[in-house]
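Asks: Take this structure first; my questions come after.
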Amino acid sequence: MAFLTLCILFLMAAGPSAGGSIPDAAHVSLTSPGDVILGASLPMHGWFSGSGPPCSGSLGRWGNEVAALLRFAIEEINNRTDLLPNVTIGYDIRDNCYSETLSVWTALSLASTSERPQEDVEFTKISPAEYGNLFCIIGTQSSATTIPTAQAASLYRIPVISPFATSNELSDKRRFPYFLRTVPPDSLQAKAIADILLQFGWKYVGLYFQLNTYGIHGAQALLDLAELHGICVAFSVPVRSPGTKAELYDAVSRLAAFPKARVVVIISEVTAAGSIVRTIEELFGIPHNITFVGSDAWAFPSTMHANHGVDLRGLQGSIYVQLKYNQIPGFEEYFRYIETRDVTFSSWFQGFKDKWMKDNQCSDIALCPIRIAANDNFLVDAVYAFAYGLQDLLRDRCNDTTDCNSTIQAIRGQDFLPYLLGLRFQGLAGKYVFDVNGNPGGKYKILNYQFQDDVFQVVRLGEWEASEDRRLDVNLSAIQWVGGSRDPPASLCREICTSGHIEVPLEEKCCFGCQQCPNNAIVQNNLCEQCPVDEWPDASFQVCRPIVPTPPSWSEPTVVSILILSGLGLVLSLLAALGLFHYRHHVLIKAASRELSSINILGLTLAFLAPFPLLVPPTAVSCRASEIIVALCFTLTYAPTLLKVNRIYRIFDAGKKSNKPPRFMGPRSQLTIVLGVFAAMVVVAVAGTLASPTLPAKLIFYPPADYIEAFCKFGNGFLASLICNLLIVLVCCYYAFKARKVPSNYNESKFIAISVYSTLVFGMAAVPVYITAATVLQKVATLCVAILLNSFLTLFCVYLPKLYAIQLARDVQVSEWRANDKSSSGTGSTGVQSTVGTIKVQPVSGAVGIK
């Protein structure tokens with residue numbers, strides 16, 4: 001170990017100066033003996049002076065303040081009776097001069113005191129504390145110097161507790177197994193920044209970060225969180241400190257390339273952040289309508305203005321996270337005491353006092369007291385973490401706490417580390433619970449930069465806490481945005497899509513436009529999902545609502561015409577029925593079979609009623625009723641017609657062969673046959689509607705629309721009755737064709753032929769039109785018109801001429817028919833003799849009777 005230490009010291013010491021030696025200013029330490037020694041690496045001297053070596057700068061105010069604060073915390077613990085009552089803590093404070101290289105040397109020089117004697121390694125001019133066991137180091141002031149400090153101390157297995165280093169890199173326990181900290185890590189700061197972006201809906205932002213461990217790891221943590229929460233980082237640009245003008249101009253020009261990124265996150269120290277903000281002001285002027293979200297390392301507006309020439313008006317509306325510091329009770333009085341009375345505190349402090357009085361031109365420090373911050377509570381908490389951890393260790397190792405000297409002297413860093421990691425205590429910053437990586441929780445203040453009456457102010461909005469149940473808590477009404485607005489700026493690269501639209505990516509990075517969904521689709525999880533064919537989106541395009549089917553409207557001209565025709569048909573049917581009843585004893589009525597004609601008129605009446613159930617709003621009852629009515633009206637119309645035309649044909653056909661009259665020619669037989677056919681059709685219709693009924697259905701239009709129509713869709717059961725009626729019509733056509741040569745339109749045979757032929761033609765035309773109709777109205781109108789036309793043809797061709805002849809032609813020509821045997825004289829081979837008697841003969845275009 002000693003040889004390795006010597007090699008590292010040689011390499012490190014060769015770097016700081018051309019001569020290869022440690023600067024003389026670094027060969028100073030502030031020590032105090034104790035049972036245990038708490039080492040510390042702090043920056044007593046300032047930054048590099050020009051191109052000179054480390055420690056060539058003057059003594060700094062802040063380094064001396066934290067050294068005094070460390071001593072204050074140790075003395076406070078030594079004076080307590082409840083914490084390490086029989087143990088005295090000493091200290092060994094050494095200067096790292098803000099140098100990473102000297103931080104390694106300082107850490108090794110402190111850690112090596114745990115392995116005495118050390119004659120094989122000479123740390124020139126440095127004397128450790130007179131006695132005491134050193135197994136823990138406090139420091140350093142930044143992540144950049146803490147990283148080499150923690151690595152060097154781990155060679156000796158010495159824990160390092162840092163109150164200032166926040167880099168996420170230090171959370172890697174494989175590289176830094178002996179590192180802990182009391183200050184929150186940058187990963188928490190990144191979470192706080194991400195929560196701020198989410199709070200205000202900033203999903204499209206720019207990012208600048210300093211090219212060091214603080215900026216790189218902070219930016220990486222934020223990028224990971226941004227990806228997790230759907231925040232798009234339009235550009236991520238590293239910035240060196242100090243950076244050249246060309247580098248800064250190139251970095252800031254990204255704002256012009258991404259104009260919709262109006263919120264810019266900067267994770268850097270104050271120097272790099274000041275350069276970025278000043279360059280933005282140069283290129284874009286003030287106001288530049290950019291809202292900054294800043295990390296804690298540059299949340300100091302006075303420093304930005306005084307040291308970096310930033311116009312504070314350009315920071316208006318910016319939001320910053322800042323570590324939540326707490327005032328340390330009693331420290332200011334303690335500092336004033338050592339400032340005025342304790343002349344033996346340290347040569348560092350005495351040198352700084354002399355410089356301070358010289359710079360402030362006063363001969364007595366009481367006339368120009370040193371300005372202190374007195375809020376580095378994380379340093380005090382680091383000292384208390386050491387004390388509480390040591391107390392837990394001694395409680396386990398010592399049976400008699402009054403005599404633990406041998407135990408204390410035997411303690412090594414690897415023994416002490418588990419007690420630190422398992423530590424729980426209440427510090428100035430809150431309750432400390434270290435995780436497996438040695439990180440505590442943390443709180444951040446949320447600040448807003450504002451101008452009130454042309455006066456720049458830093459307004460505290462609230463805080464962020466690393467806990468599960470409480471994270472970001474801000475007073476939104478207290479925020480002032482860019483330009484003094486009370487409304488947060490928009491930092492999005494996406495259109496605000498209205499209802500019925502989805503977001504689609506555009507060519508520009510992380511930018512989204514809007515695309516309209518089809519009219520019959522809703523938006524679910526930014527996807528267009530089509531509604532079922534009988535549903536339609538609501539006004540918000542979030543839910544599919546059932547479409548209420550629309551039946552044929554009775555206000556439609558077509559429907560009105562059908563209803564008028566139906567009414568007219570019913571009136572004519574009634575007139576025909578009354579005429580048949582009134583003239584039931586007339587020879588023309590008797591000749592055409594009163595019974596069959598009555599049934600025929602009943603069928604026509606039912607046909608004229610058929611449109612009504614077809615035109616009402618479809619229900620299960622109305623649809624089944626329409627099916628049965630249509631089936632039976634055709635049966636009642638054409639079954640009697642079939643018997644009529646069959647009777648005519650059989651009479652004349654039988655007269656050619658025999659003088660014996662055909663069978664089943666009487667009214668009773670004819671009526672029985674018709675009723676039998678009707679009964680059979682009733683059975684077929686009822687069975688069909690039970691097996692496959694006609695039910696309400698929906699007519700869907702393509703392309704889809706917020707409109708569907710309701711109609712009665714005939715089931716397969718309707719086909720059976722339809723086929724039966726078709727057979728009746730076809731047989732009617734057959735007998736009408738066979739009886740086409742009956743003389744003198746015998747018993748209206750030619751009119752019957754015209755009626756049944758027309759029915760067949762209308763049926764053949766109506767079926768394809770009904771099937772291919774685009775609307776319900778077309779379907780219903782086609783079916784209704786076909787039924788009505790057939791019925792009107794029957795009325796006009798069969799019954800109305802008969803009634804006209806009876807009413808207006810009183811003198812009727814009557815043919816007398818009788819059958820003779822073949823040997824009789826008369827008509828020869830036909831066997832039919834016709835004698836015409838004239839009773840005031842008046843030619844008429846009506847049917848002749850059969851006597």
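Lettering and numbering for the structure tokens are positional, with chains as A, B, ... in the shown order, residues counted from 1 in each chain, and ligands counted from 1 in the shown order.
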Please list as JSON, numbers by chain every residue within 7 Å of A:Phe711, counting only C-alpha atoms and excluding residues in the same chain fewer than 4 positions away.

Replies: {"A": [551, 618, 696, 697, 698, 776]}

Asks: Per DSSP on the backbone, filter stretch 537-680 of chain A down to the residues in alpha helix (DSSP H) and report them as an mmCIF file with N, CA and C atoms, in the first residue's frame.

Replies:
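Okay, this is what ended up in states-v1.cif:
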```cif
data_model
loop_
_atom_site.group_PDB
_atom_site.id
_atom_site.type_symbol
_atom_site.label_atom_id
_atom_site.label_comp_id
_atom_site.auth_asym_id
_atom_site.auth_seq_id
_atom_site.Cartn_x
_atom_site.Cartn_y
_atom_site.Cartn_z
ATOM 1 N N PRO A 557 -93.459 12.549 -50.312
ATOM 2 C CA PRO A 557 -94.423 12.550 -51.416
ATOM 3 C C PRO A 557 -94.767 11.148 -51.913
ATOM 4 N N THR A 558 -93.774 10.291 -51.960
ATOM 5 C CA THR A 558 -94.020 8.920 -52.435
ATOM 6 C C THR A 558 -94.967 8.186 -51.495
ATOM 7 N N VAL A 559 -94.715 8.350 -50.182
ATOM 8 C CA VAL A 559 -95.579 7.678 -49.208
ATOM 9 C C VAL A 559 -96.988 8.253 -49.264
ATOM 10 N N VAL A 560 -97.080 9.557 -49.392
ATOM 11 C CA VAL A 560 -98.402 10.178 -49.497
ATOM 12 C C VAL A 560 -99.150 9.647 -50.717
ATOM 13 N N SER A 561 -98.446 9.500 -51.828
ATOM 14 C CA SER A 561 -99.082 8.977 -53.040
ATOM 15 C C SER A 561 -99.575 7.551 -52.844
ATOM 16 N N ILE A 562 -98.729 6.733 -52.174
ATOM 17 C CA ILE A 562 -99.131 5.343 -51.916
ATOM 18 C C ILE A 562 -100.366 5.303 -51.026
ATOM 19 N N LEU A 563 -100.393 6.158 -50.006
ATOM 20 C CA LEU A 563 -101.536 6.170 -49.100
ATOM 21 C C LEU A 563 -102.808 6.623 -49.827
ATOM 22 N N ILE A 564 -102.658 7.593 -50.718
ATOM 23 C CA ILE A 564 -103.819 8.048 -51.498
ATOM 24 C C ILE A 564 -104.333 6.926 -52.385
ATOM 25 N N LEU A 565 -103.390 6.245 -53.053
ATOM 26 C CA LEU A 565 -103.798 5.130 -53.914
ATOM 27 C C LEU A 565 -104.454 4.021 -53.098
ATOM 28 N N SER A 566 -103.897 3.744 -51.908
ATOM 29 C CA SER A 566 -104.503 2.722 -51.066
ATOM 30 C C SER A 566 -105.920 3.127 -50.650
ATOM 31 N N GLY A 567 -106.076 4.366 -50.277
ATOM 32 C CA GLY A 567 -107.405 4.834 -49.901
ATOM 33 C C GLY A 567 -108.375 4.773 -51.065
ATOM 34 N N LEU A 568 -107.913 5.183 -52.250
ATOM 35 C CA LEU A 568 -108.762 5.115 -53.435
ATOM 36 C C LEU A 568 -109.141 3.674 -53.735
ATOM 37 N N GLY A 569 -108.158 2.771 -53.602
ATOM 38 C CA GLY A 569 -108.437 1.365 -53.860
ATOM 39 C C GLY A 569 -109.455 0.801 -52.890
ATOM 40 N N LEU A 570 -109.345 1.207 -51.612
ATOM 41 C CA LEU A 570 -110.322 0.744 -50.634
ATOM 42 C C LEU A 570 -111.721 1.245 -50.960
ATOM 43 N N VAL A 571 -111.802 2.500 -51.412
ATOM 44 C CA VAL A 571 -113.113 3.058 -51.797
ATOM 45 C C VAL A 571 -113.695 2.295 -52.983
ATOM 46 N N LEU A 572 -112.869 2.038 -54.008
ATOM 47 C CA LEU A 572 -113.351 1.323 -55.190
ATOM 48 C C LEU A 572 -113.717 -0.114 -54.832
ATOM 49 N N SER A 573 -112.916 -0.715 -53.929
ATOM 50 C CA SER A 573 -113.252 -2.082 -53.505
ATOM 51 C C SER A 573 -114.593 -2.098 -52.786
ATOM 52 N N LEU A 574 -114.819 -1.092 -51.961
ATOM 53 C CA LEU A 574 -116.096 -1.009 -51.262
ATOM 54 C C LEU A 574 -117.254 -0.823 -52.256
ATOM 55 N N LEU A 575 -117.047 0.038 -53.258
ATOM 56 C CA LEU A 575 -118.078 0.241 -54.280
ATOM 57 C C LEU A 575 -118.345 -1.055 -55.043
ATOM 58 N N ALA A 576 -117.250 -1.763 -55.375
ATOM 59 C CA ALA A 576 -117.421 -3.025 -56.097
ATOM 60 C C ALA A 576 -118.185 -4.033 -55.255
ATOM 61 N N ALA A 577 -117.826 -4.089 -53.952
ATOM 62 C CA ALA A 577 -118.512 -5.033 -53.060
ATOM 63 C C ALA A 577 -119.993 -4.661 -52.941
ATOM 64 N N LEU A 578 -120.293 -3.363 -52.802
ATOM 65 C CA LEU A 578 -121.688 -2.927 -52.721
ATOM 66 C C LEU A 578 -122.436 -3.216 -54.015
ATOM 67 N N GLY A 579 -121.747 -3.014 -55.143
ATOM 68 C CA GLY A 579 -122.377 -3.299 -56.445
ATOM 69 C C GLY A 579 -122.700 -4.762 -56.602
ATOM 70 N N LEU A 580 -121.754 -5.624 -56.190
ATOM 71 C CA LEU A 580 -122.013 -7.061 -56.294
ATOM 72 C C LEU A 580 -123.174 -7.472 -55.394
ATOM 73 N N PHE A 581 -123.223 -6.867 -54.216
ATOM 74 C CA PHE A 581 -124.324 -7.225 -53.323
ATOM 75 C C PHE A 581 -125.668 -6.702 -53.859
ATOM 76 N N HIS A 582 -125.647 -5.481 -54.383
ATOM 77 C CA HIS A 582 -126.898 -4.882 -54.867
ATOM 78 C C HIS A 582 -127.434 -5.626 -56.090
ATOM 79 N N VAL A 587 -128.078 -11.275 -63.919
ATOM 80 C CA VAL A 587 -127.563 -12.407 -64.684
ATOM 81 C C VAL A 587 -126.051 -12.342 -64.844
ATOM 82 N N LEU A 588 -125.480 -11.140 -65.011
ATOM 83 C CA LEU A 588 -124.020 -11.031 -65.188
ATOM 84 C C LEU A 588 -123.271 -11.377 -63.895
ATOM 85 N N ILE A 589 -123.848 -11.002 -62.761
ATOM 86 C CA ILE A 589 -123.208 -11.316 -61.486
ATOM 87 C C ILE A 589 -123.298 -12.804 -61.217
ATOM 88 N N LYS A 590 -124.477 -13.356 -61.462
ATOM 89 C CA LYS A 590 -124.652 -14.776 -61.226
ATOM 90 C C LYS A 590 -123.765 -15.593 -62.157
ATOM 91 N N ALA A 591 -123.650 -15.153 -63.433
ATOM 92 C CA ALA A 591 -122.841 -15.895 -64.403
ATOM 93 C C ALA A 591 -121.370 -15.951 -64.003
ATOM 94 N N ARG A 594 -121.023 -15.367 -57.902
ATOM 95 C CA ARG A 594 -121.049 -14.366 -56.849
ATOM 96 C C ARG A 594 -120.092 -14.721 -55.711
ATOM 97 N N GLU A 595 -119.999 -15.992 -55.353
ATOM 98 C CA GLU A 595 -119.173 -16.407 -54.235
ATOM 99 C C GLU A 595 -117.688 -16.136 -54.498
ATOM 100 N N LEU A 596 -117.243 -16.568 -55.706
ATOM 101 C CA LEU A 596 -115.826 -16.353 -56.028
ATOM 102 C C LEU A 596 -115.510 -14.875 -56.155
ATOM 103 N N SER A 597 -116.453 -14.110 -56.722
ATOM 104 C CA SER A 597 -116.232 -12.672 -56.866
ATOM 105 C C SER A 597 -116.145 -11.998 -55.501
ATOM 106 N N SER A 598 -116.952 -12.438 -54.553
ATOM 107 C CA SER A 598 -116.906 -11.850 -53.211
ATOM 108 C C SER A 598 -115.554 -12.103 -52.548
ATOM 109 N N ILE A 599 -115.066 -13.342 -52.685
ATOM 110 C CA ILE A 599 -113.749 -13.653 -52.115
ATOM 111 C C ILE A 599 -112.665 -12.835 -52.811
ATOM 112 N N ASN A 600 -112.835 -12.678 -54.127
ATOM 113 C CA ASN A 600 -111.866 -11.883 -54.883
ATOM 114 C C ASN A 600 -111.851 -10.442 -54.408
ATOM 115 N N ILE A 601 -113.011 -9.867 -54.184
ATOM 116 C CA ILE A 601 -113.087 -8.493 -53.682
ATOM 117 C C ILE A 601 -112.444 -8.396 -52.296
ATOM 118 N N LEU A 602 -112.647 -9.429 -51.448
ATOM 119 C CA LEU A 602 -112.007 -9.444 -50.134
ATOM 120 C C LEU A 602 -110.484 -9.439 -50.264
ATOM 121 N N GLY A 603 -109.974 -10.212 -51.213
ATOM 122 C CA GLY A 603 -108.528 -10.211 -51.451
ATOM 123 C C GLY A 603 -108.031 -8.864 -51.911
ATOM 124 N N LEU A 604 -108.814 -8.187 -52.788
ATOM 125 C CA LEU A 604 -108.405 -6.856 -53.241
ATOM 126 C C LEU A 604 -108.412 -5.861 -52.086
ATOM 127 N N THR A 605 -109.390 -5.957 -51.233
ATOM 128 C CA THR A 605 -109.435 -5.055 -50.066
ATOM 129 C C THR A 605 -108.215 -5.267 -49.174
ATOM 130 N N LEU A 606 -107.885 -6.546 -48.973
ATOM 131 C CA LEU A 606 -106.698 -6.838 -48.156
ATOM 132 C C LEU A 606 -105.424 -6.327 -48.827
ATOM 133 N N ALA A 607 -105.378 -6.378 -50.149
ATOM 134 C CA ALA A 607 -104.210 -5.869 -50.888
ATOM 135 C C ALA A 607 -104.082 -4.365 -50.723
ATOM 136 N N PHE A 608 -105.227 -3.659 -50.736
ATOM 137 C CA PHE A 608 -105.167 -2.208 -50.554
ATOM 138 C C PHE A 608 -104.807 -1.826 -49.108
ATOM 139 N N LEU A 609 -105.003 -2.751 -48.179
ATOM 140 C CA LEU A 609 -104.581 -2.514 -46.791
ATOM 141 C C LEU A 609 -103.110 -2.874 -46.551
ATOM 142 N N PRO A 611 -100.193 -1.873 -47.764
ATOM 143 C CA PRO A 611 -99.152 -0.844 -47.578
ATOM 144 C C PRO A 611 -99.069 -0.289 -46.158
ATOM 145 N N PHE A 612 -100.162 -0.313 -45.417
ATOM 146 C CA PHE A 612 -100.157 0.336 -44.109
ATOM 147 C C PHE A 612 -99.171 -0.315 -43.134
ATOM 148 N N PRO A 613 -99.176 -1.626 -42.913
ATOM 149 C CA PRO A 613 -98.166 -2.206 -42.010
ATOM 150 C C PRO A 613 -96.740 -2.100 -42.556
ATOM 151 N N LEU A 614 -96.623 -1.935 -43.875
ATOM 152 C CA LEU A 614 -95.283 -1.769 -44.444
ATOM 153 C C LEU A 614 -94.727 -0.367 -44.221
ATOM 154 N N LEU A 615 -95.608 0.608 -44.028
ATOM 155 C CA LEU A 615 -95.171 1.992 -43.895
ATOM 156 C C LEU A 615 -95.069 2.461 -42.450
ATOM 157 N N ALA A 620 -91.829 -6.064 -34.445
ATOM 158 C CA ALA A 620 -91.999 -7.496 -34.703
ATOM 159 C C ALA A 620 -93.433 -7.808 -35.105
ATOM 160 N N VAL A 621 -94.409 -7.111 -34.490
ATOM 161 C CA VAL A 621 -95.815 -7.361 -34.814
ATOM 162 C C VAL A 621 -96.150 -6.843 -36.200
ATOM 163 N N SER A 622 -95.739 -5.603 -36.505
ATOM 164 C CA SER A 622 -96.083 -5.035 -37.808
ATOM 165 C C SER A 622 -95.410 -5.797 -38.947
ATOM 166 N N CYS A 623 -94.187 -6.259 -38.716
ATOM 167 C CA CYS A 623 -93.484 -6.980 -39.778
ATOM 168 C C CYS A 623 -94.158 -8.340 -40.051
ATOM 169 N N ARG A 624 -94.506 -9.054 -39.002
ATOM 170 C CA ARG A 624 -95.175 -10.344 -39.204
ATOM 171 C C ARG A 624 -96.560 -10.141 -39.812
ATOM 172 N N ALA A 625 -97.231 -9.086 -39.392
ATOM 173 C CA ALA A 625 -98.544 -8.801 -39.976
ATOM 174 C C ALA A 625 -98.426 -8.488 -41.462
ATOM 175 N N SER A 626 -97.439 -7.698 -41.848
ATOM 176 C CA SER A 626 -97.271 -7.371 -43.268
ATOM 177 C C SER A 626 -96.962 -8.617 -44.088
ATOM 178 N N GLU A 627 -96.147 -9.533 -43.516
ATOM 179 C CA GLU A 627 -95.832 -10.776 -44.230
ATOM 180 C C GLU A 627 -97.097 -11.597 -44.493
ATOM 181 N N ILE A 628 -97.927 -11.739 -43.458
ATOM 182 C CA ILE A 628 -99.140 -12.556 -43.598
ATOM 183 C C ILE A 628 -100.140 -11.883 -44.533
ATOM 184 N N ILE A 629 -100.284 -10.556 -44.400
ATOM 185 C CA ILE A 629 -101.253 -9.840 -45.247
ATOM 186 C C ILE A 629 -100.872 -9.942 -46.711
ATOM 187 N N VAL A 630 -99.583 -9.728 -47.020
ATOM 188 C CA VAL A 630 -99.147 -9.796 -48.426
ATOM 189 C C VAL A 630 -99.387 -11.200 -48.980
ATOM 190 N N ALA A 631 -99.058 -12.222 -48.170
ATOM 191 C CA ALA A 631 -99.231 -13.588 -48.653
ATOM 192 C C ALA A 631 -100.711 -13.910 -48.890
ATOM 193 N N LEU A 632 -101.560 -13.538 -47.939
ATOM 194 C CA LEU A 632 -102.982 -13.913 -48.041
ATOM 195 C C LEU A 632 -103.740 -13.066 -49.061
ATOM 196 N N CYS A 633 -103.336 -11.809 -49.250
ATOM 197 C CA CYS A 633 -104.062 -10.979 -50.221
ATOM 198 C C CYS A 633 -103.894 -11.533 -51.637
ATOM 199 N N PHE A 634 -102.703 -12.039 -51.943
ATOM 200 C CA PHE A 634 -102.517 -12.642 -53.260
ATOM 201 C C PHE A 634 -103.313 -13.930 -53.379
ATOM 202 N N THR A 635 -103.353 -14.698 -52.287
ATOM 203 C CA THR A 635 -104.117 -15.952 -52.335
ATOM 204 C C THR A 635 -105.602 -15.676 -52.532
ATOM 205 N N LEU A 636 -106.131 -14.738 -51.753
ATOM 206 C CA LEU A 636 -107.552 -14.418 -51.879
ATOM 207 C C LEU A 636 -107.880 -13.768 -53.215
ATOM 208 N N THR A 637 -106.913 -13.151 -53.838
ATOM 209 C CA THR A 637 -107.159 -12.505 -55.142
ATOM 210 C C THR A 637 -107.093 -13.511 -56.282
ATOM 211 N N TYR A 638 -106.068 -14.378 -56.270
ATOM 212 C CA TYR A 638 -105.829 -15.204 -57.452
ATOM 213 C C TYR A 638 -106.340 -16.636 -57.324
ATOM 214 N N ALA A 639 -106.619 -17.103 -56.107
ATOM 215 C CA ALA A 639 -107.248 -18.425 -56.012
ATOM 216 C C ALA A 639 -108.652 -18.402 -56.625
ATOM 217 N N PRO A 640 -109.524 -17.410 -56.324
ATOM 218 C CA PRO A 640 -110.827 -17.342 -57.011
ATOM 219 C C PRO A 640 -110.684 -17.107 -58.503
ATOM 220 N N THR A 641 -109.720 -16.300 -58.868
ATOM 221 C CA THR A 641 -109.499 -16.040 -60.293
ATOM 222 C C THR A 641 -109.122 -17.323 -61.019
ATOM 223 N N LEU A 642 -108.259 -18.137 -60.364
ATOM 224 C CA LEU A 642 -107.862 -19.411 -60.957
ATOM 225 C C LEU A 642 -109.086 -20.300 -61.170
ATOM 226 N N LEU A 643 -109.948 -20.367 -60.177
ATOM 227 C CA LEU A 643 -111.130 -21.213 -60.324
ATOM 228 C C LEU A 643 -112.055 -20.690 -61.418
ATOM 229 N N LYS A 644 -112.149 -19.351 -61.523
ATOM 230 C CA LYS A 644 -112.985 -18.774 -62.579
ATOM 231 C C LYS A 644 -112.481 -19.162 -63.957
ATOM 232 N N VAL A 645 -111.223 -18.923 -64.196
ATOM 233 C CA VAL A 645 -110.693 -19.178 -65.533
ATOM 234 C C VAL A 645 -110.634 -20.677 -65.803
ATOM 235 N N ASN A 646 -110.407 -21.458 -64.768
ATOM 236 C CA ASN A 646 -110.426 -22.915 -64.920
ATOM 237 C C ASN A 646 -111.833 -23.389 -65.274
ATOM 238 N N ARG A 647 -112.831 -22.804 -64.647
ATOM 239 C CA ARG A 647 -114.239 -23.173 -64.908
ATOM 240 C C ARG A 647 -114.632 -22.864 -66.351
ATOM 241 N N ILE A 648 -114.219 -21.681 -66.815
ATOM 242 C CA ILE A 648 -114.531 -21.299 -68.212
ATOM 243 C C ILE A 648 -113.884 -22.279 -69.181
ATOM 244 N N TYR A 649 -112.593 -22.548 -68.927
ATOM 245 C CA TYR A 649 -111.882 -23.441 -69.848
ATOM 246 C C TYR A 649 -112.510 -24.832 -69.837
ATOM 247 N N ARG A 650 -112.849 -25.334 -68.647
ATOM 248 C CA ARG A 650 -113.400 -26.683 -68.564
ATOM 249 C C ARG A 650 -114.783 -26.767 -69.224
ATOM 250 N N ILE A 651 -115.583 -25.700 -69.097
ATOM 251 C CA ILE A 651 -116.916 -25.724 -69.732
ATOM 252 C C ILE A 651 -116.790 -25.894 -71.229
ATOM 253 N N PHE A 652 -115.966 -25.093 -71.849
ATOM 254 C CA PHE A 652 -115.841 -25.148 -73.304
ATOM 255 C C PHE A 652 -115.072 -26.382 -73.744
ATOM 256 N N ASP A 653 -114.097 -26.796 -72.931
ATOM 257 C CA ASP A 653 -113.364 -28.009 -73.309
ATOM 258 C C ASP A 653 -114.255 -29.244 -73.191
ATOM 259 N N ALA A 654 -115.092 -29.264 -72.133
ATOM 260 C CA ALA A 654 -115.996 -30.407 -71.977
ATOM 261 C C ALA A 654 -117.067 -30.432 -73.066
ATOM 262 N N GLY A 655 -117.513 -29.248 -73.520
ATOM 263 C CA GLY A 655 -118.533 -29.211 -74.573
ATOM 264 C C GLY A 655 -118.050 -29.777 -75.875
ATOM 265 N N LYS A 656 -116.749 -29.808 -76.061
ATOM 266 C CA LYS A 656 -116.212 -30.382 -77.294
ATOM 267 C C LYS A 656 -116.193 -31.898 -77.233
ATOM 268 N N LYS A 657 -116.246 -32.456 -76.049
ATOM 269 C CA LYS A 657 -116.047 -33.900 -75.930
ATOM 270 C C LYS A 657 -117.309 -34.642 -75.513
ATOM 271 N N PRO A 667 -121.480 -23.647 -57.184
ATOM 272 C CA PRO A 667 -120.954 -22.623 -56.286
ATOM 273 C C PRO A 667 -120.377 -23.205 -55.000
ATOM 274 N N ARG A 668 -121.050 -24.230 -54.449
ATOM 275 C CA ARG A 668 -120.574 -24.788 -53.204
ATOM 276 C C ARG A 668 -119.213 -25.454 -53.389
ATOM 277 N N SER A 669 -119.078 -26.185 -54.474
ATOM 278 C CA SER A 669 -117.791 -26.852 -54.738
ATOM 279 C C SER A 669 -116.681 -25.822 -54.931
ATOM 280 N N GLN A 670 -117.000 -24.782 -55.724
ATOM 281 C CA GLN A 670 -115.999 -23.754 -55.988
ATOM 282 C C GLN A 670 -115.570 -23.050 -54.682
ATOM 283 N N LEU A 671 -116.560 -22.734 -53.855
ATOM 284 C CA LEU A 671 -116.265 -22.056 -52.598
ATOM 285 C C LEU A 671 -115.440 -22.953 -51.670
ATOM 286 N N THR A 672 -115.753 -24.223 -51.654
ATOM 287 C CA THR A 672 -115.001 -25.158 -50.811
ATOM 288 C C THR A 672 -113.538 -25.233 -51.240
ATOM 289 N N ILE A 673 -113.321 -25.286 -52.547
ATOM 290 C CA ILE A 673 -111.934 -25.363 -53.057
ATOM 291 C C ILE A 673 -111.158 -24.102 -52.679
ATOM 292 N N VAL A 674 -111.830 -22.944 -52.856
ATOM 293 C CA VAL A 674 -111.133 -21.683 -52.538
ATOM 294 C C VAL A 674 -110.787 -21.618 -51.059
ATOM 295 N N LEU A 675 -111.720 -21.965 -50.219
ATOM 296 C CA LEU A 675 -111.449 -21.924 -48.785
ATOM 297 C C LEU A 675 -110.373 -22.927 -48.383
ATOM 298 N N GLY A 676 -110.365 -24.075 -49.086
ATOM 299 C CA GLY A 676 -109.308 -25.045 -48.804
ATOM 300 C C GLY A 676 -107.932 -24.517 -49.159
ATOM 301 N N VAL A 677 -107.852 -23.868 -50.362
ATOM 302 C CA VAL A 677 -106.564 -23.260 -50.756
ATOM 303 C C VAL A 677 -106.162 -22.173 -49.776
ATOM 304 N N PHE A 678 -107.144 -21.367 -49.375
ATOM 305 C CA PHE A 678 -106.863 -20.280 -48.432
ATOM 306 C C PHE A 678 -106.381 -20.835 -47.088
ATOM 307 N N ALA A 679 -107.038 -21.882 -46.628
ATOM 308 C CA ALA A 679 -106.625 -22.482 -45.364
ATOM 309 C C ALA A 679 -105.200 -23.038 -45.451
ATOM 310 N N ALA A 680 -104.904 -23.686 -46.573
ATOM 311 C CA ALA A 680 -103.545 -24.204 -46.759
ATOM 312 C C ALA A 680 -102.524 -23.068 -46.748
#
```

Asks: Name the residues in contact with A:Glu65 at a cut-off of 10 Å, using only C-alpha atoms, excluding same-chain residues fewer than 3 positions from it; report them as a PyMOL selection string.

Replies: chain A and resi 44+60-62+68-71+335+349+370-374+376

Asks: When you look at stretch 484-489 of chain A with a cut-off of 9 Å (counting only C-alpha atoms), what residues show up, excluding the ones that are within fewer than 6 positions of it in the same chain? I need them as a PyMOL selection string.

Replies: chain A and resi 200+202+262-263+289-291+316-317+450-451+477-478

Asks: From the options A:Ala539, A:Ile89, A:Tyr388, A:Asn405, which residue's atoms come nearest to A:Gly422, counting only C-alpha atoms?

Replies: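 Of all the options, A:Tyr388 lies closest to A:Gly422.
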